[in-house]
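Enquirer: Data file my_file33.cif (mmCIF, C-alpha atoms, pLDDT in the B column; chains and numbers go by the auth columns) is appended below.
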```cif
data_my_file
loop_
_atom_site.group_PDB
_atom_site.id
_atom_site.type_symbol
_atom_site.label_atom_id
_atom_site.label_comp_id
_atom_site.label_asym_id
_atom_site.label_seq_id
_atom_site.Cartn_x
_atom_site.Cartn_y
_atom_site.Cartn_z
_atom_site.B_iso_or_equiv
_atom_site.auth_seq_id
_atom_site.auth_asym_id
ATOM 1 C CA MET A 1 51.345 135.947 75.181 48.00 1 A
ATOM 2 C CA THR A 2 49.739 132.731 74.146 48.00 2 A
ATOM 3 C CA LYS A 3 48.707 130.112 76.667 52.00 3 A
ATOM 4 C CA LEU A 4 51.549 127.816 75.622 51.00 4 A
ATOM 5 C CA SER A 5 54.262 130.391 76.110 60.00 5 A
ATOM 6 C CA LEU A 6 52.763 131.458 79.455 60.00 6 A
ATOM 7 C CA THR A 7 52.955 127.831 80.596 59.00 7 A
ATOM 8 C CA GLY A 8 56.579 127.701 79.520 57.00 8 A
ATOM 9 C CA VAL A 9 57.375 130.856 81.480 57.00 9 A
ATOM 10 C CA VAL A 10 55.685 129.402 84.569 59.00 10 A
ATOM 11 C CA TRP A 11 57.708 126.177 84.308 56.00 11 A
ATOM 12 C CA ILE A 12 60.945 128.110 83.927 63.00 12 A
ATOM 13 C CA ALA A 13 60.086 130.200 86.985 58.00 13 A
ATOM 14 C CA VAL A 14 59.287 127.068 89.000 57.00 14 A
ATOM 15 C CA LEU A 15 62.526 125.406 87.942 56.00 15 A
ATOM 16 C CA MET A 16 64.556 128.485 88.804 59.00 16 A
ATOM 17 C CA MET A 17 63.105 128.542 92.315 63.00 17 A
ATOM 18 C CA MET A 18 63.967 124.923 93.007 60.00 18 A
ATOM 19 C CA PRO A 19 67.202 124.404 94.896 61.00 19 A
ATOM 20 C CA MET A 20 69.742 122.663 92.729 55.00 20 A
ATOM 21 C CA SER A 21 72.605 120.714 94.140 52.00 21 A
ATOM 22 C CA LEU A 22 75.562 120.409 91.840 49.00 22 A
ATOM 23 C CA GLU A 23 77.917 119.113 94.502 57.00 23 A
ATOM 24 C CA ALA A 24 79.179 115.559 94.582 66.00 24 A
ATOM 25 C CA VAL A 25 77.801 113.073 97.057 73.00 25 A
ATOM 26 C CA GLU A 26 79.074 113.884 100.517 84.00 26 A
ATOM 27 C CA THR A 27 81.460 111.242 101.791 89.00 27 A
ATOM 28 C CA LEU A 28 81.042 109.605 105.166 94.00 28 A
ATOM 29 C CA SER A 29 83.568 110.893 107.691 94.00 29 A
ATOM 30 C CA THR A 30 85.731 108.577 109.728 94.00 30 A
ATOM 31 C CA THR A 31 84.205 110.014 112.904 93.00 31 A
ATOM 32 C CA GLU A 32 80.692 109.175 111.675 95.00 32 A
ATOM 33 C CA LEU A 33 81.712 105.626 110.794 96.00 33 A
ATOM 34 C CA ALA A 34 83.445 105.252 114.173 94.00 34 A
ATOM 35 C CA ASP A 35 80.224 106.377 115.887 94.00 35 A
ATOM 36 C CA HIS A 36 78.232 103.692 114.063 95.00 36 A
ATOM 37 C CA CYS A 37 80.878 101.025 114.550 94.00 37 A
ATOM 38 C CA SER A 38 81.198 101.711 118.287 93.00 38 A
ATOM 39 C CA TYR A 39 77.979 99.682 118.666 93.00 39 A
ATOM 40 C CA PHE A 40 79.256 96.716 116.654 91.00 40 A
ATOM 41 C CA ALA A 41 81.060 94.903 119.496 87.00 41 A
ATOM 42 C CA GLU A 42 78.175 94.980 121.969 90.00 42 A
ATOM 43 C CA ASP A 43 75.268 94.655 119.524 93.00 43 A
ATOM 44 C CA PRO A 44 76.198 93.760 115.937 92.00 44 A
ATOM 45 C CA GLU A 45 72.490 93.400 115.071 94.00 45 A
ATOM 46 C CA SER A 46 71.683 96.991 116.092 96.00 46 A
ATOM 47 C CA LYS A 47 70.933 99.571 113.416 97.00 47 A
ATOM 48 C CA ASP A 48 74.380 101.130 113.912 96.00 48 A
ATOM 49 C CA GLY A 49 76.139 97.763 114.004 95.00 49 A
ATOM 50 C CA ILE A 50 74.495 96.729 110.745 95.00 50 A
ATOM 51 C CA PHE A 51 75.370 100.098 109.164 96.00 51 A
ATOM 52 C CA CYS A 52 79.008 99.532 110.130 95.00 52 A
ATOM 53 C CA VAL A 53 79.090 96.039 108.630 95.00 53 A
ATOM 54 C CA ARG A 54 77.307 97.072 105.435 96.00 54 A
ATOM 55 C CA TYR A 55 79.585 100.071 104.866 95.00 55 A
ATOM 56 C CA ILE A 56 82.712 97.905 105.120 94.00 56 A
ATOM 57 C CA GLN A 57 81.138 95.131 103.041 93.00 57 A
ATOM 58 C CA GLY A 58 80.145 97.677 100.387 92.00 58 A
ATOM 59 C CA PHE A 59 83.681 99.041 100.277 90.00 59 A
ATOM 60 C CA ILE A 60 85.112 95.552 99.739 88.00 60 A
ATOM 61 C CA ASP A 61 82.478 94.657 97.125 87.00 61 A
ATOM 62 C CA GLY A 62 83.182 97.901 95.262 86.00 62 A
ATOM 63 C CA ALA A 63 86.932 97.286 95.254 82.00 63 A
ATOM 64 C CA VAL A 64 86.504 93.707 94.052 79.00 64 A
ATOM 65 C CA ALA A 65 84.056 94.705 91.313 78.00 65 A
ATOM 66 C CA THR A 66 86.307 97.537 90.147 76.00 66 A
ATOM 67 C CA ASP A 67 89.451 95.388 90.098 66.00 67 A
ATOM 68 C CA GLU A 68 87.731 92.607 88.147 68.00 68 A
ATOM 69 C CA ARG A 69 86.299 95.043 85.595 64.00 69 A
ATOM 70 C CA VAL A 70 89.557 96.974 85.151 61.00 70 A
ATOM 71 C CA THR A 71 91.452 93.707 84.691 58.00 71 A
ATOM 72 C CA GLN A 72 88.949 92.505 82.088 60.00 72 A
ATOM 73 C CA ASN A 73 89.166 95.805 80.205 61.00 73 A
ATOM 74 C CA VAL A 74 92.971 95.788 80.212 57.00 74 A
ATOM 75 C CA ALA A 75 93.089 92.142 79.092 59.00 75 A
ATOM 76 C CA ALA A 76 90.637 92.838 76.253 63.00 76 A
ATOM 77 C CA GLU A 77 92.715 95.812 75.076 62.00 77 A
ATOM 78 C CA ILE A 78 95.955 93.839 75.192 54.00 78 A
ATOM 79 C CA GLU A 79 94.512 90.868 73.312 61.00 79 A
ATOM 80 C CA GLU A 80 93.750 93.072 70.299 65.00 80 A
ATOM 81 C CA GLN A 81 97.419 93.382 69.232 60.00 81 A
ATOM 82 C CA GLU A 82 99.461 91.326 71.622 61.00 82 A
ATOM 83 C CA THR A 83 103.184 90.692 71.327 66.00 83 A
ATOM 84 C CA PHE A 84 104.944 87.791 73.039 63.00 84 A
ATOM 85 C CA SER A 85 106.109 89.983 75.947 63.00 85 A
ATOM 86 C CA GLU A 86 102.648 91.503 76.348 61.00 86 A
ATOM 87 C CA ARG A 87 101.146 88.020 76.490 61.00 87 A
ATOM 88 C CA ALA A 88 103.655 87.077 79.189 59.00 88 A
ATOM 89 C CA ILE A 89 102.645 90.123 81.211 58.00 89 A
ATOM 90 C CA ARG A 90 98.945 89.346 80.761 53.00 90 A
ATOM 91 C CA THR A 91 99.333 85.737 81.884 58.00 91 A
ATOM 92 C CA ARG A 92 101.289 86.929 84.912 57.00 92 A
ATOM 93 C CA VAL A 93 98.413 89.295 85.761 52.00 93 A
ATOM 94 C CA GLY A 94 96.029 86.356 85.492 50.00 94 A
ATOM 95 C CA SER A 95 98.124 84.190 87.804 53.00 95 A
ATOM 96 C CA ARG A 96 98.271 86.957 90.410 50.00 96 A
ATOM 97 C CA LEU A 97 94.497 87.291 90.339 49.00 97 A
ATOM 98 C CA GLU A 98 94.075 83.528 90.734 55.00 98 A
ATOM 99 C CA ARG A 99 96.543 83.433 93.621 53.00 99 A
ATOM 100 C CA TYR A 100 95.537 86.569 95.543 47.00 100 A
ATOM 101 C CA GLY A 101 91.951 87.214 94.546 51.00 101 A
ATOM 102 C CA PRO A 102 90.179 89.983 92.693 50.00 102 A
ATOM 103 C CA SER A 103 91.211 92.762 95.095 54.00 103 A
ATOM 104 C CA TYR A 104 94.944 92.307 94.361 56.00 104 A
ATOM 105 C CA TYR A 105 95.250 95.595 92.500 62.00 105 A
ATOM 106 C CA ALA A 106 93.439 97.423 95.306 70.00 106 A
ATOM 107 C CA GLU A 107 96.495 96.332 97.369 80.00 107 A
ATOM 108 C CA PHE A 108 94.670 94.129 99.849 82.00 108 A
ATOM 109 C CA CYS A 109 94.144 90.391 99.608 83.00 109 A
ATOM 110 C CA LEU A 110 91.486 88.571 101.547 80.00 110 A
ATOM 111 C CA GLY A 111 92.572 85.287 99.969 72.00 111 A
ATOM 112 C CA ALA A 112 90.536 82.344 101.183 71.00 112 A
ATOM 113 C CA PRO A 113 87.076 83.280 102.371 79.00 113 A
ATOM 114 C CA VAL A 114 87.471 85.446 105.446 84.00 114 A
ATOM 115 C CA PRO A 115 84.461 85.881 107.733 89.00 115 A
ATOM 116 C CA LEU A 116 83.050 89.368 107.303 90.00 116 A
ATOM 117 C CA ALA A 117 82.832 89.753 111.099 90.00 117 A
ATOM 118 C CA GLU A 118 86.617 89.255 111.318 92.00 118 A
ATOM 119 C CA VAL A 119 87.259 91.938 108.713 92.00 119 A
ATOM 120 C CA VAL A 120 84.857 94.342 110.450 94.00 120 A
ATOM 121 C CA GLU A 121 86.539 93.728 113.821 93.00 121 A
ATOM 122 C CA LYS A 122 89.933 94.624 112.344 93.00 122 A
ATOM 123 C CA VAL A 123 88.583 97.790 110.721 94.00 123 A
ATOM 124 C CA VAL A 124 86.804 98.760 113.955 94.00 124 A
ATOM 125 C CA GLY A 125 90.136 98.279 115.738 93.00 125 A
ATOM 126 C CA GLU A 126 91.633 100.924 113.451 92.00 126 A
ATOM 127 C CA LEU A 127 88.666 103.269 114.070 91.00 127 A
ATOM 128 C CA ILE A 128 89.552 103.585 117.757 89.00 128 A
ATOM 129 C CA ASP A 129 93.057 104.850 116.971 90.00 129 A
ATOM 130 C CA ASP A 130 92.793 108.650 117.224 89.00 130 A
ATOM 131 C CA ASP A 131 95.985 109.156 115.192 90.00 131 A
ATOM 132 C CA LEU A 132 94.593 107.097 112.286 88.00 132 A
ATOM 133 C CA VAL A 133 91.222 108.830 112.483 88.00 133 A
ATOM 134 C CA GLY A 134 93.002 112.197 112.330 89.00 134 A
ATOM 135 C CA ALA A 135 95.169 111.088 109.420 91.00 135 A
ATOM 136 C CA HIS A 136 92.212 109.703 107.452 91.00 136 A
ATOM 137 C CA PRO A 137 89.198 112.039 107.783 92.00 137 A
ATOM 138 C CA SER A 138 87.245 110.132 105.121 93.00 138 A
ATOM 139 C CA ALA A 139 85.800 106.781 106.217 94.00 139 A
ATOM 140 C CA ARG A 140 86.623 105.434 102.772 92.00 140 A
ATOM 141 C CA ASP A 141 90.311 106.273 103.229 93.00 141 A
ATOM 142 C CA LEU A 142 90.525 104.722 106.682 94.00 142 A
ATOM 143 C CA VAL A 143 88.763 101.503 105.618 93.00 143 A
ATOM 144 C CA TYR A 144 91.139 101.270 102.663 92.00 144 A
ATOM 145 C CA HIS A 145 94.136 101.856 104.949 93.00 145 A
ATOM 146 C CA ALA A 146 92.894 99.211 107.403 94.00 146 A
ATOM 147 C CA LEU A 147 92.383 96.601 104.679 91.00 147 A
ATOM 148 C CA ARG A 148 95.826 97.267 103.195 90.00 148 A
ATOM 149 C CA THR A 149 97.420 97.064 106.660 92.00 149 A
ATOM 150 C CA GLU A 150 95.531 94.029 107.963 91.00 150 A
ATOM 151 C CA TYR A 151 95.330 92.046 104.697 88.00 151 A
ATOM 152 C CA PRO A 152 98.438 92.864 102.644 87.00 152 A
ATOM 153 C CA CYS A 153 99.172 90.916 99.491 81.00 153 A
ATOM 154 C CA GLN A 154 102.273 88.774 99.774 76.00 154 A
ATOM 155 C CA ASP A 155 104.134 89.100 96.489 64.00 155 A
ATOM 156 C CA ASP A 156 106.432 86.107 96.226 56.00 156 A
ATOM 157 C CA ASP A 157 107.198 86.402 92.484 50.00 157 A
#
```
Represent the structure of the file as structure tokens.
Expert:
Amino acid sequence: MTKLSLTGVVWIAVLMMMPMSLEAVETLSTTELADHCSYFAEDPESKDGIFCVRYIQGFIDGAVATDERVTQNVAAEIEEQETFSERAIRTRVGSRLERYGPSYYAEFCLGAPVPLAEVVEKVVGELIDDDLVGAHPSARDLVYHALRTEYPCQDDD
């Protein structure tokens, strides 16, 4: 073997020995989030209290960003060859977003600026309900449920 091919064989052997993780990112469980959030009431500035706040804030930011982007993509697609009825639908979508905010299609509406601490308190309130924790093993699912329950969109069209 030449030196170059020996080097290649060594690299392949090294790569084969390295553990490879092909699994998706592990989701945070509701129990884990509840453990962190149990410190929020008594010490919101603690490491666990901050984790709780940031997780919920990140969920909301992700939902808002996704809804805005999806809405923009749909509007751009529709504008390409839009009929009168399609334009009516698009303008209705726009008015809903203006009225309810960018999380409308995520099925929760924070509306006017809501203090983050208030939102966190409501989510934490749901985290102490053992039935809800059992029904929603993923923290993501329980936070979503709490936001939809506590901040529903009022559709008055």
Enquirer: For CA of Pro137 (chain A) and CA of Glu121 (chain A), quote the distance in Å rounded to one decimal.
Expert: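 Between CA of Pro137 (chain A) and CA of Glu121 (chain A) the gap works out to 19.5 Å.
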Enquirer: What's around Gly49 (chain A) at 7 Å? Count only C-alpha atoms, leave out sequence neighbours fewer than 4 positions away in its own chain, and write the answer as a list in words.
Expert: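 Final neighbour list, sorted by chain and number: His36, Cys37, Tyr39, Phe40, Asp43, Pro44, Glu45 and Val53 of chain A.
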Enquirer: Please list as an MDAnalysis selection string every residue within 12 Å of Ala135 (chain A), counting only C-alpha atoms and excluding residues in the same chain fewer than 3 positions away.
Expert: chainID A and resid 29:31 126:127 129:132 138:139 141:142 145
Enquirer: Which one of A:Lys122, A:Arg140, A:Arg54, A:Lys47 sits closest to Glu26 (chain A) if you count all atoms listed in the file?
Expert: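 Closest to Glu26 (chain A) of all the choices is A:Arg140.
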Enquirer: By how many Å are CA of Pro115 (chain A) and CA of Gly134 (chain A) apart?
Expert: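 Computed distance, CA of Pro115 (chain A) to CA of Gly134 (chain A), equals 28.0 Å.
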Enquirer: Of the residues A:Val133, A:Ala112, A:Leu33, A:Val120, which is the one nearest to Gln57 (chain A), using all atoms listed in the file?
Expert: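 Going through A:Val133, A:Ala112, A:Leu33, A:Val120 one by one, the smallest distance to Gln57 (chain A) is for A:Val120.
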Enquirer: Figure out the distance between CA of Ile60 (chain A) and CA of Thr27 (chain A), please, to one decimal in Å.
Expert: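 Value for the CA of Thr27 (chain A)-CA of Ile60 (chain A) distance: 16.2 Å.
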